[in-house]
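Dropping model_1.txt in here (compact mmCIF, C-alpha atoms):
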# COMPACT_ATOMS: atom_id res chain seq x y z
CA MET B 1 90.62 89.55 121.61
CA VAL B 2 89.29 85.99 121.53
CA ARG B 3 89.37 84.29 118.15
CA ASP B 4 87.33 81.30 117.18
CA TRP B 5 89.79 80.06 114.57
CA PRO B 6 93.09 78.17 114.95
CA VAL B 7 96.38 80.06 115.07
CA ALA B 8 97.62 78.25 111.98
CA PRO B 9 95.38 78.05 108.90
CA ARG B 10 93.72 74.76 108.30
CA ARG B 11 93.56 74.18 104.58
CA VAL B 12 91.16 71.64 103.17
CA LEU B 13 91.16 70.48 99.56
CA TYR B 14 87.82 69.18 98.44
CA VAL B 15 87.30 67.33 95.17
CA LEU B 16 83.60 67.60 94.46
CA CYS B 17 83.13 64.67 92.18
CA VAL B 18 81.73 61.24 91.69
CA THR B 19 83.39 60.39 88.38
CA PRO B 20 86.94 60.85 87.00
CA ARG B 21 85.56 63.23 84.39
CA GLN B 22 84.03 65.48 87.02
CA GLN B 23 87.10 65.21 89.25
CA ALA B 24 89.22 67.05 86.70
CA ARG B 25 86.72 69.89 86.52
CA GLN B 26 85.61 70.61 90.08
CA GLU B 27 88.03 71.43 92.86
CA ILE B 28 87.84 73.52 96.01
CA SER B 29 90.51 74.64 98.45
CA ALA B 30 89.28 76.40 101.62
CA TRP B 31 90.90 77.52 104.85
CA ARG B 32 90.52 79.91 107.79
CA PRO B 33 93.59 82.12 108.20
CA ALA B 34 94.67 83.62 111.51
CA VAL B 35 94.13 87.15 110.21
CA PRO B 36 91.48 89.26 111.96
CA GLY B 37 88.71 90.26 109.60
CA VAL B 38 89.04 87.29 107.24
CA VAL B 39 86.48 84.61 108.03
CA GLU B 40 87.40 82.21 105.24
CA VAL B 41 89.40 81.90 102.02
CA LEU B 42 88.01 79.88 99.12
CA HIS B 43 89.60 78.94 95.79
CA ALA B 44 87.37 77.00 93.40
CA ARG B 45 87.13 75.69 89.87
CA PHE B 46 83.67 74.80 88.52
CA THR B 47 82.37 73.92 85.09
CA GLU B 48 78.78 72.85 85.78
CA HIS B 49 77.87 73.59 89.38
CA ALA B 50 75.21 76.25 89.96
CA TYR B 51 74.73 77.79 93.39
CA PRO B 52 71.05 78.14 94.41
CA MET B 53 69.82 81.31 96.09
CA HIS B 54 71.52 81.61 99.47
CA VAL B 55 72.90 84.16 101.93
CA HIS B 56 76.11 84.62 103.91
CA ASP B 57 76.68 86.34 107.23
CA ALA B 58 79.93 87.81 105.88
CA TRP B 59 80.95 89.96 102.94
CA THR B 60 81.88 87.98 99.81
CA LEU B 61 84.83 89.50 97.94
CA LEU B 62 85.23 87.68 94.62
CA ILE B 63 87.68 87.75 91.72
CA VAL B 64 87.38 85.43 88.72
CA ASP B 65 90.66 84.32 87.14
CA ASP B 66 89.23 82.28 84.25
CA GLY B 67 85.79 82.30 82.64
CA ALA B 68 82.90 84.28 84.08
CA VAL B 69 80.11 83.99 86.62
CA ARG B 70 76.55 85.19 86.31
CA TYR B 71 74.47 85.75 89.42
CA ASP B 72 71.32 87.39 90.70
CA LEU B 73 71.55 89.82 93.61
CA ASP B 74 68.47 91.46 95.11
CA ARG B 75 66.40 90.44 92.06
CA HIS B 76 68.86 91.98 89.59
CA GLU B 77 70.93 89.93 87.17
CA ARG B 78 74.66 90.59 87.51
CA GLY B 79 77.90 89.22 86.13
CA THR B 80 81.66 89.31 86.49
CA PRO B 81 83.13 90.96 83.41
CA GLY B 82 86.88 90.53 82.95
CA GLY B 83 89.10 92.27 85.44
CA THR B 84 86.41 93.27 87.91
CA VAL B 85 86.13 92.74 91.65
CA SER B 86 82.72 91.68 92.95
CA LEU B 87 81.56 92.48 96.47
CA LEU B 88 78.39 90.73 97.61
CA PRO B 89 76.95 92.04 100.89
CA PRO B 90 75.91 89.86 103.84
CA GLN B 91 72.30 88.80 104.33
CA VAL B 92 71.36 89.65 100.73
CA PRO B 93 70.30 86.56 98.72
CA HIS B 94 72.31 85.67 95.63
CA ASN B 95 73.02 82.68 93.44
CA GLY B 96 75.77 81.89 90.91
CA SER B 97 76.52 79.78 87.88
CA PRO B 98 79.04 79.57 85.02
CA ALA B 99 78.42 82.14 82.31
CA THR B 100 80.09 79.95 79.65
CA SER B 101 80.45 76.25 78.94
CA ASP B 102 84.09 76.39 80.05
CA GLY B 103 83.10 77.23 83.61
CA PHE B 104 85.13 79.51 85.85
CA ARG B 105 87.97 79.63 88.35
CA LYS B 106 87.53 82.02 91.26
CA ARG B 107 89.18 83.24 94.44
CA VAL B 108 86.95 84.42 97.28
CA LEU B 109 87.51 86.16 100.60
CA TYR B 110 84.79 86.20 103.23
CA LEU B 111 85.22 89.32 105.37
CA ASP B 112 83.52 90.06 108.67
CA MET B 113 81.75 93.27 109.65
CA THR B 114 84.89 94.82 111.12
CA GLN B 115 86.06 95.44 107.56
CA LEU B 116 82.82 96.90 106.21
CA ASP B 117 79.92 97.72 108.53
CA ALA B 118 76.22 97.43 107.75
CA GLY B 119 76.12 100.96 106.36
CA TYR B 120 77.86 99.75 103.22
CA ILE B 121 75.31 97.04 102.38
CA GLY B 122 72.99 99.33 100.38
CA PRO B 123 75.75 100.79 98.16
CA ALA B 124 77.12 97.29 97.57
CA VAL B 125 73.71 96.05 96.42
CA ASP B 126 73.55 98.93 93.92
CA THR B 127 77.10 98.46 92.59
CA PRO B 128 78.50 95.01 93.41
CA ASP B 129 80.92 94.76 90.46
CA LEU B 130 83.85 97.18 90.62
CA ALA B 131 86.08 97.84 87.61
CA ASP B 132 89.24 98.82 89.46
CA PRO B 133 92.57 97.29 88.32
CA LEU B 134 94.41 98.50 91.42
CA LEU B 135 91.83 96.95 93.73
CA ARG B 136 91.98 93.68 91.83
CA THR B 137 95.77 93.64 92.09
CA ARG B 138 95.56 94.29 95.82
CA VAL B 139 93.01 91.51 96.32
CA ALA B 140 95.18 89.05 94.36
CA ARG B 141 98.24 89.95 96.43
CA LEU B 142 96.22 89.55 99.61
CA HIS B 143 95.33 86.01 98.52
CA THR B 144 99.03 85.26 98.04
CA ALA B 145 99.86 86.54 101.52
CA LEU B 146 97.01 84.57 103.09
CA ALA B 147 98.32 81.35 101.56
CA ASP B 148 101.25 81.32 104.01
CA PRO B 149 100.53 81.40 107.77
CA GLY B 150 103.86 83.09 108.39
CA ASP B 151 102.90 86.16 106.36
CA ALA B 152 100.17 87.40 108.71
CA LEU B 153 101.60 90.93 109.06
CA GLU B 154 101.76 91.30 105.28
CA ALA B 155 98.22 89.95 104.95
CA GLU B 156 96.95 92.41 107.58
CA SER B 157 98.62 95.30 105.77
CA ARG B 158 97.21 94.28 102.41
CA LEU B 159 93.76 93.73 103.91
CA ALA B 160 93.80 97.25 105.37
CA PHE B 161 94.41 98.76 101.93
CA VAL B 162 91.79 96.53 100.29
CA GLY B 163 89.24 97.68 102.86
CA GLU B 164 90.18 101.31 102.35
CA ARG B 165 89.75 100.97 98.58
CA LEU B 166 86.38 99.23 98.95
CA ARG B 167 85.07 101.91 101.29
CA GLY B 168 86.19 104.56 98.82
CA HIS B 169 84.09 102.93 96.10
CA LEU B 170 81.01 102.38 98.22
CA ARG B 171 80.99 105.67 100.05
CA PRO B 172 83.26 108.24 98.37
CA ARG B 173 84.77 110.63 100.85
CA THR B 174 83.45 114.18 100.53
CA ALA B 175 85.12 115.70 103.56
CA PRO B 176 88.87 116.37 103.47
CA ALA B 177 91.06 113.73 105.01
CA GLY B 178 92.36 114.21 108.52
CA PRO B 179 95.95 115.22 109.17
CA PRO B 180 98.54 112.55 108.35
CA PRO B 181 100.34 110.91 111.24
CA GLY B 182 103.41 112.72 112.51
CA PRO B 183 106.90 111.65 111.44
CA GLY B 184 107.49 110.04 114.82
CA VAL B 185 105.05 107.19 114.23
CA ALA B 186 107.36 105.55 111.67
CA LYS B 187 110.19 105.39 114.21
CA ASP B 188 107.78 104.26 116.91
CA LEU B 189 106.65 101.40 114.69
CA ARG B 190 110.21 100.43 113.82
CA ASP B 191 111.08 100.31 117.51
CA LEU B 192 108.06 98.08 118.15
CA LEU B 193 108.94 95.75 115.27
CA ASP B 194 112.52 95.44 116.51
CA GLU B 195 111.34 94.76 120.05
CA ARG B 196 108.84 92.11 118.96
CA LEU B 197 110.83 90.65 116.06
CA GLY B 198 110.76 87.08 117.33
CA GLU B 199 107.21 86.89 118.62
CA GLY B 200 105.65 89.12 115.98
CA LEU B 201 103.24 92.03 116.12
CA THR B 202 99.85 92.44 114.50
CA LEU B 203 99.12 95.57 112.53
CA ALA B 204 96.04 96.27 114.63
CA GLU B 205 98.07 96.12 117.84
CA ALA B 206 100.80 98.34 116.40
CA ALA B 207 98.25 100.90 115.24
CA ARG B 208 96.70 100.96 118.70
CA LEU B 209 100.04 101.37 120.45
CA VAL B 210 101.25 104.27 118.28
CA HIS B 211 97.77 105.84 117.94
CA ALA B 212 97.56 105.76 114.13
CA HIS B 213 95.18 104.23 111.62
CA PRO B 214 96.64 101.00 110.12
CA THR B 215 96.83 102.28 106.55
CA HIS B 216 98.30 105.63 107.69
CA LEU B 217 100.86 103.74 109.75
CA VAL B 218 101.96 101.57 106.83
CA ARG B 219 102.19 104.60 104.55
CA ALA B 220 104.23 106.59 107.10
CA PHE B 221 106.66 103.71 107.65
CA SER B 222 107.07 103.05 103.92
CA ALA B 223 107.67 106.74 103.21
CA ALA B 224 110.22 107.06 106.00
CA TYR B 225 112.24 103.90 105.33
CA ALA B 226 111.43 103.01 101.68
CA ILE B 227 110.28 99.55 102.75
CA ALA B 228 106.94 98.18 103.96
CA PRO B 229 106.70 97.03 107.59
CA HIS B 230 106.29 93.36 106.69
CA GLN B 231 109.31 93.54 104.37
CA TYR B 232 111.34 95.13 107.15
CA VAL B 233 110.42 92.35 109.57
CA THR B 234 111.25 89.63 107.04
CA SER B 235 114.65 91.12 106.19
CA ARG B 236 115.56 91.54 109.86
CA ARG B 237 114.58 87.93 110.55
CA ILE B 238 116.67 86.72 107.61
CA ASP B 239 119.69 88.59 109.00
CA ARG B 240 119.24 86.89 112.36
CA ALA B 241 118.78 83.51 110.72
CA ARG B 242 122.02 83.93 108.75
CA ARG B 243 123.98 84.49 111.95
CA LEU B 244 122.44 81.42 113.57
CA LEU B 245 123.10 79.26 110.51
CA LEU B 246 126.76 80.30 110.50
CA ASP B 247 126.91 79.38 114.18
CA GLY B 248 125.81 75.86 113.29
CA VAL B 249 122.13 76.08 114.28
CA PRO B 250 120.00 73.75 112.08
CA PRO B 251 117.65 75.57 109.67
CA GLY B 252 114.48 74.32 111.39
CA GLU B 253 115.62 75.62 114.77
CA ALA B 254 116.85 78.88 113.26
CA ALA B 255 113.47 79.43 111.61
CA THR B 256 111.47 79.26 114.82
CA ALA B 257 114.13 81.14 116.81
CA VAL B 258 113.87 84.24 114.63
CA GLY B 259 110.08 84.23 114.23
CA PHE B 260 109.32 82.34 111.03
CA HIS B 261 106.35 79.97 111.03
CA ASP B 262 108.44 76.95 110.08
CA GLN B 263 111.46 75.92 108.03
CA SER B 264 109.64 76.10 104.70
CA HIS B 265 108.59 79.66 105.48
CA LEU B 266 112.23 80.57 106.23
CA THR B 267 113.43 78.80 103.08
CA ARG B 268 111.05 80.67 100.80
CA HIS B 269 112.06 84.10 102.05
CA PHE B 270 115.74 83.19 102.55
CA LYS B 271 116.10 82.06 98.95
CA ARG B 272 114.36 85.18 97.67
CA ILE B 273 116.58 87.53 99.67
CA ALA B 274 119.90 85.68 99.94
CA GLY B 275 119.78 83.83 96.62
CA THR B 276 120.24 80.39 98.13
CA THR B 277 118.59 78.05 100.62
CA PRO B 278 119.35 78.10 104.35
CA GLY B 279 120.88 74.62 104.13
CA ARG B 280 123.29 75.57 101.36
CA TYR B 281 124.14 78.80 103.14
CA ALA B 282 124.97 76.88 106.32
CA ARG B 283 127.11 74.34 104.43
CA SER B 284 129.09 77.16 102.83
CA ARG B 285 130.49 78.38 106.12
CA LYS B 286 134.21 77.95 106.67
CA SER B 287 136.08 77.18 109.85
CA PRO B 288 138.06 80.09 111.23
CA VAL B 289 141.65 80.15 110.00
CA PRO B 290 144.05 79.99 112.97
CA ARG B 291 146.23 83.03 113.31
CA SER B 292 149.99 82.53 113.32
CA LEU B 293 151.77 83.88 116.37
I'd like the structure from this file rewritten - as structure tokens, please.
Amino acid sequence: MVRDWPVAPRRVLYVLCVTPRQQARQEISAWRPAVPGVVEVLHARFTEHAYPMHVHDAWTLLIVDDGAVRYDLDRHERGTPGGTVSLLPPQVPHNGSPATSDGFRKRVLYLDMTQLDAGYIGPAVDTPDLADPLLRTRVARLHTALADPGDALEAESRLAFVGERLRGHLRPRTAPAGPPPGPGVAKDLRDLLDERLGEGLTLAEAARLVHAHPTHLVRAFSAAYAIAPHQYVTSRRIDRARRLLLDGVPPGEAATAVGFHDQSHLTRHFKRIAGTTPGRYARSRKSPVPRSL
């Protein structure tokens, strides 16, 4: 599959201002992650800016962390009450402005049509604001995963469950679900992850190779091994990194050797799992004690 975005996300921080007063109130951070299905990520803080009527060619998945937004969609006035997730369909005009004098802070994902096809546009126009705490939590965690280019497998997994939840809201399933994947798919996935530990494996590719839907595959693996696939990969990579560090390999080289994006990516996960940084762990190693004959 040919992608038209860079392998590593390119993050751009815009300060939309002309005066110091405005600079403190208007900020934008935007980037294009290397995760299929996500066209763009946008984090923004506005106090006065009002979007005119416009359209996108992608789905707009919006959560508001502070304040509120009011907008018009298909000639109907809408808003973002606290705790909701808003889904604005492509090619349908909408605008947006702060609902209060304090403005708003938002996080937005732009999703392509592989996540939601055109058949969902009508239902989204009718019900764009979804009061679903679980969906909001999943969207927030997806944003966290997308912030680090080394967490692509986690981001793919979280995106799959966000898409599943959205489709459930827009077109509730009336027919019974198909049979769950067999118990062998969890082991098949583990074998694939072990085989591709250094180079990595996308969720879409894994699902294709073991003939299972991505969300079913993640559920089967988590049920079988009590750990999500991305957590399994991270822990295995940390184990490999520990061995290399004790062999005297510098942290930066160890990071790339075991499949992390860079040293900072290794450090973040290493400290969370091992309780210390890779550098301190390496410095703690002791020389072997000679055996007496």
Could you tell me which of B:Pro123, B:Gly96, B:Pro214, B:Pro52 comes closest to Leu159 in chain B if we count all atoms listed in the file? B:Pro214
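Between CA of Gly150 in chain B and CA of His261 in chain B lies a distance of 4.8 Å.
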In Å and to one decimal, CA of Ala124 in chain B is distant from CA of Ser86 in chain B by 9.2 Å
Do you know which residues are at most 8 Å from Gln263 in chain B counting all atoms listed in the file, after dropping those on the same chain fewer than 5 positions away, and could you put them as a PyMOL selection string? chain B and resi 251-253+255-256
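Omitting Ala207 in chain B and its sequence neighbours fewer than 2 positions away, and counting all atoms listed in the file, the residues within 12 Å are B:Glu156, B:Ser157, B:Ala160, B:Pro181, B:Val185, B:Ala186, B:Asp188, B:Leu189, B:Leu192, B:Leu193, B:Leu201, B:Thr202, B:Leu203, B:Ala204, B:Glu205, B:Leu209, B:Val210, B:His211, B:Ala212, B:His213, B:Pro214, B:Thr215, B:His216, B:Leu217, B:Val218, B:Arg219, B:Ala220, B:Phe221.
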Put range 40-77 of chain B into a file with N, CA, C and O atoms, as an mmCIF file, in the first residue's frame.
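Below you can see part-v2.cif, which holds the result:
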data_model
loop_
_atom_site.group_PDB
_atom_site.id
_atom_site.type_symbol
_atom_site.label_atom_id
_atom_site.label_comp_id
_atom_site.auth_asym_id
_atom_site.auth_seq_id
_atom_site.Cartn_x
_atom_site.Cartn_y
_atom_site.Cartn_z
ATOM 1 N N GLU B 40 -4.909 13.246 9.656
ATOM 2 C CA GLU B 40 -4.279 14.371 10.361
ATOM 3 C C GLU B 40 -4.724 14.347 11.813
ATOM 4 O O GLU B 40 -5.819 13.893 12.145
ATOM 5 N N VAL B 41 -3.855 14.861 12.685
ATOM 6 C CA VAL B 41 -4.176 15.089 14.093
ATOM 7 C C VAL B 41 -4.051 16.578 14.358
ATOM 8 O O VAL B 41 -3.092 17.216 13.911
ATOM 9 N N LEU B 42 -5.001 17.132 15.080
ATOM 10 C CA LEU B 42 -5.000 18.571 15.366
ATOM 11 C C LEU B 42 -5.358 18.794 16.829
ATOM 12 O O LEU B 42 -6.381 18.293 17.308
ATOM 13 N N HIS B 43 -4.502 19.535 17.535
ATOM 14 C CA HIS B 43 -4.796 20.004 18.887
ATOM 15 C C HIS B 43 -4.820 21.526 18.844
ATOM 16 O O HIS B 43 -3.884 22.145 18.305
ATOM 17 N N ALA B 44 -5.852 22.141 19.391
ATOM 18 C CA ALA B 44 -5.981 23.595 19.253
ATOM 19 C C ALA B 44 -6.593 24.216 20.497
ATOM 20 O O ALA B 44 -7.368 23.575 21.217
ATOM 21 N N ARG B 45 -6.218 25.461 20.719
ATOM 22 C CA ARG B 45 -6.795 26.277 21.790
ATOM 23 C C ARG B 45 -7.186 27.609 21.171
ATOM 24 O O ARG B 45 -6.350 28.312 20.591
ATOM 25 N N PHE B 46 -8.481 27.944 21.233
ATOM 26 C CA PHE B 46 -8.991 29.194 20.670
ATOM 27 C C PHE B 46 -9.854 29.901 21.704
ATOM 28 O O PHE B 46 -10.563 29.263 22.486
ATOM 29 N N THR B 47 -9.795 31.221 21.677
ATOM 30 C CA THR B 47 -10.712 32.003 22.510
ATOM 31 C C THR B 47 -11.647 32.868 21.674
ATOM 32 O O THR B 47 -12.765 33.162 22.097
ATOM 33 N N GLU B 48 -11.202 33.284 20.494
ATOM 34 C CA GLU B 48 -12.015 34.208 19.700
ATOM 35 C C GLU B 48 -12.260 33.742 18.271
ATOM 36 O O GLU B 48 -13.197 34.185 17.630
ATOM 37 N N HIS B 49 -11.431 32.855 17.766
ATOM 38 C CA HIS B 49 -11.543 32.474 16.362
ATOM 39 C C HIS B 49 -12.861 31.760 16.072
ATOM 40 O O HIS B 49 -13.294 30.899 16.842
ATOM 41 N N ALA B 50 -13.472 32.111 14.958
ATOM 42 C CA ALA B 50 -14.699 31.451 14.505
ATOM 43 C C ALA B 50 -14.458 30.896 13.101
ATOM 44 O O ALA B 50 -14.061 31.635 12.195
ATOM 45 N N TYR B 51 -14.681 29.600 12.937
ATOM 46 C CA TYR B 51 -14.537 28.984 11.621
ATOM 47 C C TYR B 51 -15.740 29.361 10.748
ATOM 48 O O TYR B 51 -16.887 29.227 11.190
ATOM 49 N N PRO B 52 -15.532 29.792 9.517
ATOM 50 C CA PRO B 52 -16.665 30.005 8.608
ATOM 51 C C PRO B 52 -17.188 28.659 8.112
ATOM 52 O O PRO B 52 -16.603 27.612 8.385
ATOM 53 N N MET B 53 -18.271 28.673 7.370
ATOM 54 C CA MET B 53 -18.783 27.433 6.787
ATOM 55 C C MET B 53 -17.732 26.853 5.850
ATOM 56 O O MET B 53 -17.161 27.554 5.013
ATOM 57 N N HIS B 54 -17.458 25.557 6.001
ATOM 58 C CA HIS B 54 -16.453 24.895 5.183
ATOM 59 C C HIS B 54 -16.737 23.402 5.175
ATOM 60 O O HIS B 54 -17.608 22.913 5.906
ATOM 61 N N VAL B 55 -16.011 22.665 4.355
ATOM 62 C CA VAL B 55 -16.167 21.211 4.293
ATOM 63 C C VAL B 55 -14.795 20.564 4.356
ATOM 64 O O VAL B 55 -13.772 21.186 4.072
ATOM 65 N N HIS B 56 -14.787 19.281 4.746
ATOM 66 C CA HIS B 56 -13.581 18.461 4.722
ATOM 67 C C HIS B 56 -13.837 17.245 3.839
ATOM 68 O O HIS B 56 -14.989 16.830 3.660
ATOM 69 N N ASP B 57 -12.754 16.649 3.336
ATOM 70 C CA ASP B 57 -12.913 15.410 2.592
ATOM 71 C C ASP B 57 -12.689 14.194 3.483
ATOM 72 O O ASP B 57 -12.620 13.061 3.008
ATOM 73 N N ALA B 58 -12.561 14.439 4.784
ATOM 74 C CA ALA B 58 -12.363 13.359 5.755
ATOM 75 C C ALA B 58 -13.360 13.535 6.901
ATOM 76 O O ALA B 58 -13.952 14.601 7.082
ATOM 77 N N TRP B 59 -13.529 12.474 7.670
ATOM 78 C CA TRP B 59 -14.358 12.542 8.873
ATOM 79 C C TRP B 59 -13.631 13.356 9.944
ATOM 80 O O TRP B 59 -12.419 13.223 10.116
ATOM 81 N N THR B 60 -14.371 14.184 10.678
ATOM 82 C CA THR B 60 -13.815 15.001 11.750
ATOM 83 C C THR B 60 -14.298 14.445 13.083
ATOM 84 O O THR B 60 -15.487 14.529 13.405
ATOM 85 N N LEU B 61 -13.378 13.861 13.843
ATOM 86 C CA LEU B 61 -13.711 13.279 15.143
ATOM 87 C C LEU B 61 -13.157 14.205 16.220
ATOM 88 O O LEU B 61 -11.945 14.362 16.358
ATOM 89 N N LEU B 62 -14.052 14.816 16.988
ATOM 90 C CA LEU B 62 -13.699 15.944 17.856
ATOM 91 C C LEU B 62 -14.054 15.669 19.309
ATOM 92 O O LEU B 62 -15.148 15.195 19.605
ATOM 93 N N ILE B 63 -13.108 15.958 20.207
ATOM 94 C CA ILE B 63 -13.419 16.017 21.638
ATOM 95 C C ILE B 63 -12.935 17.373 22.156
ATOM 96 O O ILE B 63 -11.898 17.878 21.735
ATOM 97 N N VAL B 64 -13.709 17.957 23.050
ATOM 98 C CA VAL B 64 -13.388 19.260 23.636
ATOM 99 C C VAL B 64 -12.990 19.040 25.084
ATOM 100 O O VAL B 64 -13.758 18.474 25.875
ATOM 101 N N ASP B 65 -11.781 19.461 25.443
ATOM 102 C CA ASP B 65 -11.260 19.256 26.792
ATOM 103 C C ASP B 65 -11.619 20.394 27.743
ATOM 104 O O ASP B 65 -11.773 20.165 28.938
ATOM 105 N N ASP B 66 -11.700 21.608 27.221
ATOM 106 C CA ASP B 66 -12.086 22.766 28.037
ATOM 107 C C ASP B 66 -13.025 23.630 27.219
ATOM 108 O O ASP B 66 -12.832 23.812 26.013
ATOM 109 N N GLY B 67 -14.029 24.219 27.895
ATOM 110 C CA GLY B 67 -14.970 25.087 27.210
ATOM 111 C C GLY B 67 -15.958 24.303 26.365
ATOM 112 O O GLY B 67 -16.235 23.127 26.622
ATOM 113 N N ALA B 68 -16.477 24.948 25.344
ATOM 114 C CA ALA B 68 -17.474 24.316 24.476
ATOM 115 C C ALA B 68 -17.454 24.989 23.120
ATOM 116 O O ALA B 68 -17.050 26.146 22.981
ATOM 117 N N VAL B 69 -17.905 24.238 22.117
ATOM 118 C CA VAL B 69 -17.979 24.726 20.746
ATOM 119 C C VAL B 69 -19.426 24.671 20.282
ATOM 120 O O VAL B 69 -20.141 23.704 20.582
ATOM 121 N N ARG B 70 -19.863 25.703 19.591
ATOM 122 C CA ARG B 70 -21.153 25.642 18.918
ATOM 123 C C ARG B 70 -20.892 25.624 17.413
ATOM 124 O O ARG B 70 -19.925 26.206 16.921
ATOM 125 N N TYR B 71 -21.732 24.891 16.691
ATOM 126 C CA TYR B 71 -21.519 24.816 15.246
ATOM 127 C C TYR B 71 -22.838 24.517 14.556
ATOM 128 O O TYR B 71 -23.808 24.047 15.184
ATOM 129 N N ASP B 72 -22.884 24.819 13.285
ATOM 130 C CA ASP B 72 -24.027 24.493 12.446
ATOM 131 C C ASP B 72 -23.619 23.375 11.489
ATOM 132 O O ASP B 72 -22.554 23.443 10.858
ATOM 133 N N LEU B 73 -24.470 22.366 11.389
ATOM 134 C CA LEU B 73 -24.214 21.240 10.494
ATOM 135 C C LEU B 73 -25.498 20.952 9.735
ATOM 136 O O LEU B 73 -26.534 20.675 10.349
ATOM 137 N N ASP B 74 -25.423 21.044 8.414
ATOM 138 C CA ASP B 74 -26.587 20.781 7.565
ATOM 139 C C ASP B 74 -27.785 21.629 8.006
ATOM 140 O O ASP B 74 -28.909 21.136 8.162
ATOM 141 N N ARG B 75 -27.523 22.908 8.261
ATOM 142 C CA ARG B 75 -28.546 23.899 8.624
ATOM 143 C C ARG B 75 -29.164 23.678 10.011
ATOM 144 O O ARG B 75 -30.199 24.241 10.334
ATOM 145 N N HIS B 76 -28.547 22.858 10.827
ATOM 146 C CA HIS B 76 -29.022 22.650 12.203
ATOM 147 C C HIS B 76 -27.947 23.102 13.178
ATOM 148 O O HIS B 76 -26.771 22.790 13.009
ATOM 149 N N GLU B 77 -28.369 23.841 14.204
ATOM 150 C CA GLU B 77 -27.417 24.305 15.204
ATOM 151 C C GLU B 77 -27.101 23.171 16.169
ATOM 152 O O GLU B 77 -27.982 22.501 16.699
#
